[in-house]
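Undergrad: Pasting target-v1.cif here (mmCIF, N, CA and C atoms):
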data_my_file
#
loop_
_atom_site.label_atom_id
_atom_site.label_comp_id
_atom_site.auth_asym_id
_atom_site.auth_seq_id
_atom_site.Cartn_x
_atom_site.Cartn_y
_atom_site.Cartn_z
N MET A 5 7.66 -204.37 58.85
CA MET A 5 6.66 -205.24 58.28
C MET A 5 6.71 -206.58 59.04
N SER A 6 5.56 -207.11 59.40
CA SER A 6 5.50 -208.34 60.16
C SER A 6 5.85 -209.54 59.28
N ARG A 7 6.10 -210.65 59.94
CA ARG A 7 6.47 -211.87 59.23
C ARG A 7 5.35 -212.31 58.28
N ARG A 8 4.12 -212.20 58.74
CA ARG A 8 2.99 -212.61 57.92
C ARG A 8 2.83 -211.71 56.69
N HIS A 9 3.04 -210.41 56.85
CA HIS A 9 2.93 -209.49 55.72
C HIS A 9 4.01 -209.76 54.68
N ARG A 10 5.22 -210.05 55.14
CA ARG A 10 6.29 -210.40 54.20
C ARG A 10 5.96 -211.68 53.46
N TYR A 11 5.38 -212.64 54.19
CA TYR A 11 4.99 -213.91 53.58
C TYR A 11 3.93 -213.67 52.50
N TYR A 12 2.95 -212.83 52.78
CA TYR A 12 1.92 -212.52 51.79
C TYR A 12 2.51 -211.83 50.56
N LEU A 13 3.38 -210.87 50.79
CA LEU A 13 3.98 -210.12 49.69
C LEU A 13 4.85 -211.03 48.82
N LYS A 14 5.70 -211.82 49.46
CA LYS A 14 6.59 -212.71 48.71
C LYS A 14 5.84 -213.80 47.97
N GLY A 15 4.77 -214.29 48.52
CA GLY A 15 4.06 -215.41 47.92
C GLY A 15 2.99 -215.03 46.92
N LEU A 16 2.31 -213.92 47.16
CA LEU A 16 1.20 -213.54 46.28
C LEU A 16 1.63 -212.70 45.09
N LEU A 17 2.75 -212.02 45.21
CA LEU A 17 3.23 -211.20 44.09
C LEU A 17 3.56 -212.04 42.85
N PRO A 18 4.28 -213.18 42.98
CA PRO A 18 4.51 -214.00 41.79
C PRO A 18 3.22 -214.54 41.18
N LEU A 19 2.25 -214.90 42.02
CA LEU A 19 0.97 -215.38 41.51
C LEU A 19 0.23 -214.28 40.76
N LEU A 20 0.25 -213.08 41.29
CA LEU A 20 -0.39 -211.95 40.63
C LEU A 20 0.24 -211.69 39.26
N VAL A 21 1.57 -211.72 39.19
CA VAL A 21 2.27 -211.52 37.92
C VAL A 21 1.88 -212.62 36.92
N LEU A 22 1.83 -213.87 37.40
CA LEU A 22 1.44 -214.98 36.51
C LEU A 22 0.01 -214.81 36.01
N ILE A 23 -0.90 -214.40 36.88
CA ILE A 23 -2.29 -214.20 36.46
C ILE A 23 -2.39 -213.09 35.42
N ILE A 24 -1.64 -212.03 35.61
CA ILE A 24 -1.65 -210.93 34.62
C ILE A 24 -1.11 -211.43 33.28
N ILE A 25 -0.05 -212.22 33.31
CA ILE A 25 0.52 -212.76 32.06
C ILE A 25 -0.48 -213.69 31.38
N LEU A 26 -1.10 -214.58 32.14
CA LEU A 26 -2.08 -215.50 31.55
C LEU A 26 -3.29 -214.76 31.01
N ASN A 27 -3.71 -213.73 31.71
CA ASN A 27 -4.83 -212.92 31.25
C ASN A 27 -4.48 -212.19 29.95
N TYR A 28 -3.24 -211.74 29.83
CA TYR A 28 -2.78 -211.07 28.61
C TYR A 28 -2.87 -212.02 27.41
N TYR A 29 -2.56 -213.30 27.65
CA TYR A 29 -2.62 -214.29 26.57
C TYR A 29 -4.00 -214.92 26.43
N SER A 30 -5.00 -214.34 27.03
CA SER A 30 -6.41 -214.74 26.91
C SER A 30 -6.66 -216.19 27.34
N VAL A 31 -6.03 -216.59 28.44
CA VAL A 31 -6.31 -217.90 29.01
C VAL A 31 -7.67 -217.83 29.69
N ASP A 32 -8.45 -218.89 29.56
CA ASP A 32 -9.80 -218.95 30.12
C ASP A 32 -9.75 -218.73 31.64
N LEU A 33 -10.73 -218.04 32.16
CA LEU A 33 -10.78 -217.71 33.59
C LEU A 33 -10.85 -218.96 34.46
N LEU A 34 -11.53 -220.00 34.02
CA LEU A 34 -11.59 -221.24 34.79
C LEU A 34 -10.20 -221.87 34.91
N ASN A 35 -9.42 -221.82 33.84
CA ASN A 35 -8.06 -222.36 33.90
C ASN A 35 -7.18 -221.55 34.85
N ILE A 36 -7.37 -220.25 34.87
CA ILE A 36 -6.62 -219.42 35.81
C ILE A 36 -7.04 -219.75 37.24
N PHE A 37 -8.34 -220.00 37.46
CA PHE A 37 -8.83 -220.41 38.78
C PHE A 37 -8.20 -221.73 39.21
N ILE A 38 -8.12 -222.69 38.30
CA ILE A 38 -7.53 -224.00 38.62
C ILE A 38 -6.07 -223.83 39.00
N LEU A 39 -5.33 -223.04 38.23
CA LEU A 39 -3.92 -222.81 38.51
C LEU A 39 -3.75 -222.10 39.86
N ALA A 40 -4.53 -221.06 40.09
CA ALA A 40 -4.41 -220.29 41.33
C ALA A 40 -4.81 -221.12 42.55
N SER A 41 -5.83 -221.95 42.41
CA SER A 41 -6.25 -222.79 43.54
C SER A 41 -5.19 -223.80 43.90
N SER A 42 -4.56 -224.38 42.90
CA SER A 42 -3.49 -225.34 43.17
C SER A 42 -2.30 -224.65 43.82
N TYR A 43 -2.01 -223.45 43.39
CA TYR A 43 -0.92 -222.66 43.97
C TYR A 43 -1.23 -222.30 45.42
N LEU A 44 -2.46 -221.86 45.66
CA LEU A 44 -2.82 -221.32 46.98
C LEU A 44 -3.10 -222.37 48.04
N TRP A 45 -3.28 -223.64 47.65
CA TRP A 45 -3.63 -224.68 48.62
C TRP A 45 -2.58 -224.75 49.74
N LYS A 46 -1.36 -225.11 49.38
CA LYS A 46 -0.32 -225.26 50.40
C LYS A 46 0.16 -223.91 50.91
N TYR A 47 0.14 -222.90 50.03
CA TYR A 47 0.54 -221.56 50.45
C TYR A 47 -0.32 -221.09 51.62
N THR A 48 -1.61 -221.34 51.55
CA THR A 48 -2.52 -220.91 52.61
C THR A 48 -2.26 -221.68 53.90
N LEU A 49 -2.05 -222.97 53.78
CA LEU A 49 -1.84 -223.77 54.98
C LEU A 49 -0.51 -223.47 55.66
N LEU A 50 0.46 -222.95 54.92
CA LEU A 50 1.76 -222.64 55.49
C LEU A 50 1.89 -221.19 55.95
N THR A 51 0.80 -220.43 55.89
CA THR A 51 0.82 -219.05 56.36
C THR A 51 1.20 -219.02 57.84
N PRO A 52 2.13 -218.14 58.23
CA PRO A 52 2.51 -218.07 59.64
C PRO A 52 1.30 -217.81 60.54
N GLY A 53 1.17 -218.63 61.56
CA GLY A 53 0.08 -218.50 62.51
C GLY A 53 -1.21 -219.21 62.11
N MET A 54 -1.25 -219.80 60.92
CA MET A 54 -2.49 -220.42 60.46
C MET A 54 -2.83 -221.68 61.27
N GLN A 55 -1.85 -222.48 61.63
CA GLN A 55 -2.12 -223.70 62.40
C GLN A 55 -2.73 -223.36 63.76
N ILE A 56 -2.24 -222.30 64.37
CA ILE A 56 -2.79 -221.87 65.68
C ILE A 56 -4.22 -221.39 65.49
N ARG A 57 -4.45 -220.61 64.46
CA ARG A 57 -5.79 -220.08 64.20
C ARG A 57 -6.78 -221.20 63.89
N LEU A 58 -6.35 -222.19 63.12
CA LEU A 58 -7.26 -223.28 62.77
C LEU A 58 -7.54 -224.20 63.95
N GLY A 59 -6.72 -224.12 64.99
CA GLY A 59 -6.97 -224.91 66.19
C GLY A 59 -8.07 -224.35 67.07
N GLN A 60 -8.51 -223.13 66.78
CA GLN A 60 -9.56 -222.52 67.58
C GLN A 60 -10.92 -223.14 67.25
N ARG A 61 -11.80 -223.11 68.23
CA ARG A 61 -13.12 -223.73 68.09
C ARG A 61 -13.97 -223.09 66.99
N LYS A 62 -13.84 -221.79 66.78
CA LYS A 62 -14.71 -221.13 65.79
C LYS A 62 -14.37 -221.53 64.35
N TYR A 63 -13.21 -222.14 64.11
CA TYR A 63 -12.85 -222.60 62.77
C TYR A 63 -13.13 -224.08 62.56
N ARG A 64 -13.91 -224.67 63.45
CA ARG A 64 -14.17 -226.11 63.42
C ARG A 64 -14.77 -226.58 62.11
N PHE A 65 -15.68 -225.82 61.50
CA PHE A 65 -16.35 -226.25 60.28
C PHE A 65 -15.93 -225.42 59.06
N ALA A 66 -14.85 -224.69 59.16
CA ALA A 66 -14.39 -223.84 58.06
C ALA A 66 -13.74 -224.69 56.97
N PHE A 67 -13.76 -224.19 55.74
CA PHE A 67 -13.15 -224.91 54.62
C PHE A 67 -11.64 -225.02 54.82
N LEU A 68 -11.03 -224.00 55.42
CA LEU A 68 -9.59 -224.08 55.70
C LEU A 68 -9.26 -225.23 56.65
N LYS A 69 -10.10 -225.45 57.63
CA LYS A 69 -9.90 -226.56 58.55
C LYS A 69 -10.03 -227.89 57.81
N THR A 70 -10.97 -227.96 56.87
CA THR A 70 -11.12 -229.17 56.05
C THR A 70 -9.87 -229.38 55.20
N MET A 71 -9.33 -228.29 54.63
CA MET A 71 -8.10 -228.39 53.86
C MET A 71 -6.97 -228.93 54.74
N GLN A 72 -6.89 -228.43 55.96
CA GLN A 72 -5.84 -228.87 56.87
C GLN A 72 -6.00 -230.35 57.21
N ARG A 73 -7.23 -230.78 57.47
CA ARG A 73 -7.47 -232.20 57.80
C ARG A 73 -7.10 -233.11 56.64
N ILE A 74 -7.50 -232.72 55.43
CA ILE A 74 -7.15 -233.53 54.25
C ILE A 74 -5.64 -233.60 54.10
N ASP A 75 -4.98 -232.48 54.25
CA ASP A 75 -3.54 -232.42 54.13
C ASP A 75 -2.86 -233.30 55.19
N ASP A 76 -3.35 -233.23 56.42
CA ASP A 76 -2.78 -234.05 57.49
C ASP A 76 -2.98 -235.54 57.23
N HIS A 77 -4.15 -235.92 56.72
CA HIS A 77 -4.40 -237.32 56.41
C HIS A 77 -3.49 -237.82 55.30
N MET A 78 -3.27 -236.99 54.30
CA MET A 78 -2.39 -237.39 53.20
C MET A 78 -0.96 -237.57 53.70
N ILE A 79 -0.51 -236.72 54.61
CA ILE A 79 0.83 -236.85 55.17
C ILE A 79 0.96 -238.15 55.93
N VAL A 80 -0.05 -238.51 56.73
CA VAL A 80 -0.01 -239.75 57.49
C VAL A 80 0.01 -240.96 56.56
N ILE A 81 -0.81 -240.92 55.51
CA ILE A 81 -0.86 -242.03 54.56
C ILE A 81 0.49 -242.22 53.88
N PHE A 82 1.09 -241.14 53.44
CA PHE A 82 2.34 -241.25 52.69
C PHE A 82 3.55 -241.48 53.57
N GLN A 83 3.47 -241.21 54.87
CA GLN A 83 4.59 -241.51 55.75
C GLN A 83 4.73 -243.01 55.95
N ASN A 84 3.65 -243.75 55.79
CA ASN A 84 3.68 -245.19 55.99
C ASN A 84 4.05 -245.97 54.73
N LEU A 85 4.33 -245.30 53.64
CA LEU A 85 4.72 -245.98 52.41
C LEU A 85 6.13 -246.52 52.49
N LYS A 86 6.36 -247.59 51.74
CA LYS A 86 7.70 -248.18 51.71
C LYS A 86 8.68 -247.33 50.93
N TYR A 87 8.18 -246.54 49.98
CA TYR A 87 9.04 -245.78 49.10
C TYR A 87 9.10 -244.32 49.55
N PRO A 88 10.20 -243.90 50.18
CA PRO A 88 10.28 -242.53 50.70
C PRO A 88 10.30 -241.46 49.60
N LYS A 89 10.62 -241.83 48.37
CA LYS A 89 10.64 -240.84 47.30
C LYS A 89 9.24 -240.38 46.91
N LEU A 90 8.22 -241.13 47.30
CA LEU A 90 6.84 -240.74 47.01
C LEU A 90 6.26 -239.81 48.06
N ARG A 91 6.95 -239.61 49.17
CA ARG A 91 6.42 -238.78 50.25
C ARG A 91 6.16 -237.33 49.85
N PRO A 92 7.04 -236.69 49.05
CA PRO A 92 6.73 -235.30 48.66
C PRO A 92 5.44 -235.18 47.85
N LEU A 93 4.96 -236.29 47.31
CA LEU A 93 3.71 -236.27 46.56
C LEU A 93 2.52 -235.93 47.46
N CYS A 94 2.65 -236.15 48.76
CA CYS A 94 1.53 -235.93 49.68
C CYS A 94 1.08 -234.48 49.70
N ARG A 95 1.97 -233.55 49.44
CA ARG A 95 1.58 -232.15 49.49
C ARG A 95 0.87 -231.70 48.23
N HIS A 96 0.91 -232.52 47.18
CA HIS A 96 0.34 -232.11 45.90
C HIS A 96 -0.93 -232.87 45.52
N LEU A 97 -1.20 -233.98 46.15
CA LEU A 97 -2.38 -234.75 45.78
C LEU A 97 -3.71 -234.08 46.09
N PRO A 98 -3.91 -233.48 47.26
CA PRO A 98 -5.22 -232.88 47.54
C PRO A 98 -5.68 -231.84 46.52
N PRO A 99 -4.84 -230.85 46.15
CA PRO A 99 -5.33 -229.90 45.14
C PRO A 99 -5.51 -230.55 43.77
N LEU A 100 -4.68 -231.53 43.44
CA LEU A 100 -4.85 -232.23 42.16
C LEU A 100 -6.19 -232.96 42.11
N ILE A 101 -6.52 -233.63 43.19
CA ILE A 101 -7.78 -234.38 43.24
C ILE A 101 -8.97 -233.42 43.17
N LEU A 102 -8.93 -232.35 43.96
CA LEU A 102 -10.03 -231.38 43.97
C LEU A 102 -10.22 -230.73 42.61
N MET A 103 -9.13 -230.30 42.00
CA MET A 103 -9.25 -229.64 40.69
C MET A 103 -9.67 -230.63 39.60
N THR A 104 -9.28 -231.89 39.72
CA THR A 104 -9.75 -232.91 38.78
C THR A 104 -11.25 -233.11 38.91
N ILE A 105 -11.74 -233.16 40.14
CA ILE A 105 -13.19 -233.31 40.36
C ILE A 105 -13.94 -232.10 39.79
N ILE A 106 -13.42 -230.90 40.03
CA ILE A 106 -14.07 -229.70 39.49
C ILE A 106 -14.09 -229.72 37.97
N THR A 107 -12.96 -230.07 37.37
CA THR A 107 -12.87 -230.11 35.91
C THR A 107 -13.81 -231.15 35.32
N LEU A 108 -13.86 -232.32 35.93
CA LEU A 108 -14.74 -233.37 35.41
C LEU A 108 -16.21 -233.05 35.64
N THR A 109 -16.52 -232.41 36.75
CA THR A 109 -17.91 -232.05 37.04
C THR A 109 -18.41 -230.96 36.09
N LEU A 110 -17.60 -229.95 35.89
CA LEU A 110 -18.00 -228.84 35.01
C LEU A 110 -17.85 -229.17 33.53
N GLN A 111 -17.03 -230.17 33.24
CA GLN A 111 -16.71 -230.57 31.86
C GLN A 111 -16.17 -229.39 31.07
N GLN A 112 -15.43 -228.56 31.75
CA GLN A 112 -14.76 -227.41 31.13
C GLN A 112 -13.38 -227.29 31.77
N GLY A 113 -12.57 -226.48 31.19
CA GLY A 113 -11.25 -226.23 31.75
C GLY A 113 -10.26 -227.30 31.34
N ASN A 114 -9.03 -227.07 31.67
CA ASN A 114 -7.95 -227.97 31.33
C ASN A 114 -7.24 -228.37 32.61
N ILE A 115 -7.19 -229.65 32.90
CA ILE A 115 -6.62 -230.14 34.15
C ILE A 115 -5.12 -229.92 34.22
N ILE A 116 -4.47 -229.65 33.09
CA ILE A 116 -3.02 -229.45 33.08
C ILE A 116 -2.62 -228.21 33.88
N TYR A 117 -3.54 -227.30 34.09
CA TYR A 117 -3.23 -226.08 34.85
C TYR A 117 -3.05 -226.37 36.34
N SER A 118 -3.58 -227.46 36.84
CA SER A 118 -3.38 -227.81 38.24
C SER A 118 -1.92 -228.18 38.53
N PRO A 119 -1.33 -229.11 37.77
CA PRO A 119 0.11 -229.37 38.01
C PRO A 119 0.99 -228.15 37.71
N LEU A 120 0.57 -227.32 36.75
CA LEU A 120 1.34 -226.10 36.48
C LEU A 120 1.32 -225.17 37.68
N GLY A 121 0.17 -225.05 38.34
CA GLY A 121 0.08 -224.22 39.54
C GLY A 121 0.95 -224.76 40.66
N ILE A 122 0.99 -226.08 40.79
CA ILE A 122 1.82 -226.70 41.82
C ILE A 122 3.30 -226.48 41.52
N LEU A 123 3.69 -226.67 40.26
CA LEU A 123 5.08 -226.44 39.87
C LEU A 123 5.46 -224.97 40.05
N PHE A 124 4.54 -224.08 39.72
CA PHE A 124 4.81 -222.65 39.89
C PHE A 124 4.96 -222.31 41.37
N TYR A 125 4.16 -222.93 42.23
CA TYR A 125 4.30 -222.70 43.67
C TYR A 125 5.66 -223.16 44.16
N GLU A 126 6.07 -224.35 43.75
CA GLU A 126 7.37 -224.87 44.18
C GLU A 126 8.49 -223.95 43.70
N GLY A 127 8.42 -223.53 42.45
CA GLY A 127 9.45 -222.64 41.93
C GLY A 127 9.45 -221.29 42.62
N ALA A 128 8.28 -220.72 42.81
CA ALA A 128 8.18 -219.40 43.46
C ALA A 128 8.62 -219.48 44.91
N SER A 129 8.28 -220.56 45.60
CA SER A 129 8.66 -220.66 47.01
C SER A 129 10.17 -220.75 47.16
N ARG A 130 10.83 -221.39 46.23
CA ARG A 130 12.29 -221.45 46.29
C ARG A 130 12.92 -220.15 45.81
N LEU A 131 12.33 -219.54 44.82
CA LEU A 131 12.89 -218.33 44.22
C LEU A 131 12.81 -217.13 45.16
N VAL A 132 11.66 -216.93 45.78
CA VAL A 132 11.48 -215.74 46.62
C VAL A 132 11.78 -215.99 48.09
N GLY A 133 12.16 -217.20 48.44
CA GLY A 133 12.60 -217.46 49.80
C GLY A 133 11.50 -217.78 50.78
N LEU A 134 10.41 -218.42 50.32
CA LEU A 134 9.39 -218.85 51.27
C LEU A 134 9.87 -220.07 52.04
N GLY A 135 10.96 -220.64 51.60
CA GLY A 135 11.54 -221.80 52.28
C GLY A 135 11.40 -223.05 51.44
N VAL A 136 12.27 -223.97 51.70
CA VAL A 136 12.17 -225.25 51.01
C VAL A 136 11.15 -226.07 51.79
N LEU A 137 10.00 -226.27 51.19
CA LEU A 137 8.88 -226.84 51.93
C LEU A 137 8.60 -228.29 51.58
N SER A 138 9.29 -228.85 50.62
CA SER A 138 9.00 -230.21 50.20
C SER A 138 9.39 -231.24 51.23
N GLU A 139 10.26 -230.90 52.15
CA GLU A 139 10.72 -231.88 53.14
C GLU A 139 9.76 -232.03 54.30
N GLU A 140 8.67 -231.29 54.32
CA GLU A 140 7.77 -231.31 55.46
C GLU A 140 7.06 -232.65 55.61
N CYS A 141 6.90 -233.39 54.54
CA CYS A 141 6.21 -234.69 54.62
C CYS A 141 7.12 -235.64 55.29
#
Rewrite the structure of this file - the entire thing - as structure tokens.
TA:
Amino acid sequence: MSRRHRYYLKGLLPLLVLIIILNYYSVDLLNIFILASSYLWKYTLLTPGMQIRLGQRKYRFAFLKTMQRIDDHMIVIFQNLKYPKLRPLCRHLPPLILMTIITLTLQQGNIIYSPLGILFYEGASRLVGLGVLSEEC
């Protein structure tokens, strides 16, 4: 099995289990979407080979490239802060902001699922061995 396939299996299996559990407890589909989007934001950008793929010309206007640019800008902004303990926040702000905008625009859903998705990603990445990724900022 290739490195990318192992990464997909290790990372998406915990999310699938969580979605099944939330669906069993009749959590609203929009809330599951908010949680999954927050989980998948950094997971997608850290996929092996994704940075090389996004550097190609055909991905110039893709949403993934926009995600990467936003993420890179947040890292640059937070690297210049005086307080180094706030730097790990850079990896979590973009999905929080996007999901807050979606929640406020639709006037539905619960914004608490966004931080839960981020916390679940951090826990799952450490638990299944995707690597300790918080130090990347």
Undergrad: Could you give me, as a list of chain:residue names, the residues that have an atom at most 8 Å away from the point (-4.1, -226.0, 37.6) in the coordinates of the file, using all atoms listed in the file?
TA: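 In the file's frame, the residues around the point are A:Leu34, A:Asn35, A:Ile36, A:Phe37, A:Ile38, A:Leu39, A:Ala40, A:Ser41, A:Ser42, A:Tyr43, A:Pro99, A:Leu100, A:Met103, A:Asn114, A:Ile115, A:Ile116, A:Tyr117, A:Ser118, A:Pro119, A:Leu120, A:Gly121, A:Ile122.
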Undergrad: What gap, in Å, lies between atom CA of Ile23 of chain A and atom CA of Leu93 of chain A?
TA: 25.0 Å
Undergrad: Do you know which residues the PyMOL selection byres (((chain A and resi 50 and name CA) around 12) and name CA) returns on this file, as a PyMOL selection string?
TA: chain A and resi 8+11-12+15+43-49+51-58+68+71-72+75+95+129+134-138+140
Undergrad: Which one is closest to Lys14 of chain A: A:Gly133, A:Gly113, A:Pro88, A:Gly59? Count only N, CA and C atoms.
TA: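 Distance minimum relative to Lys14 of chain A lands on A:Gly133.
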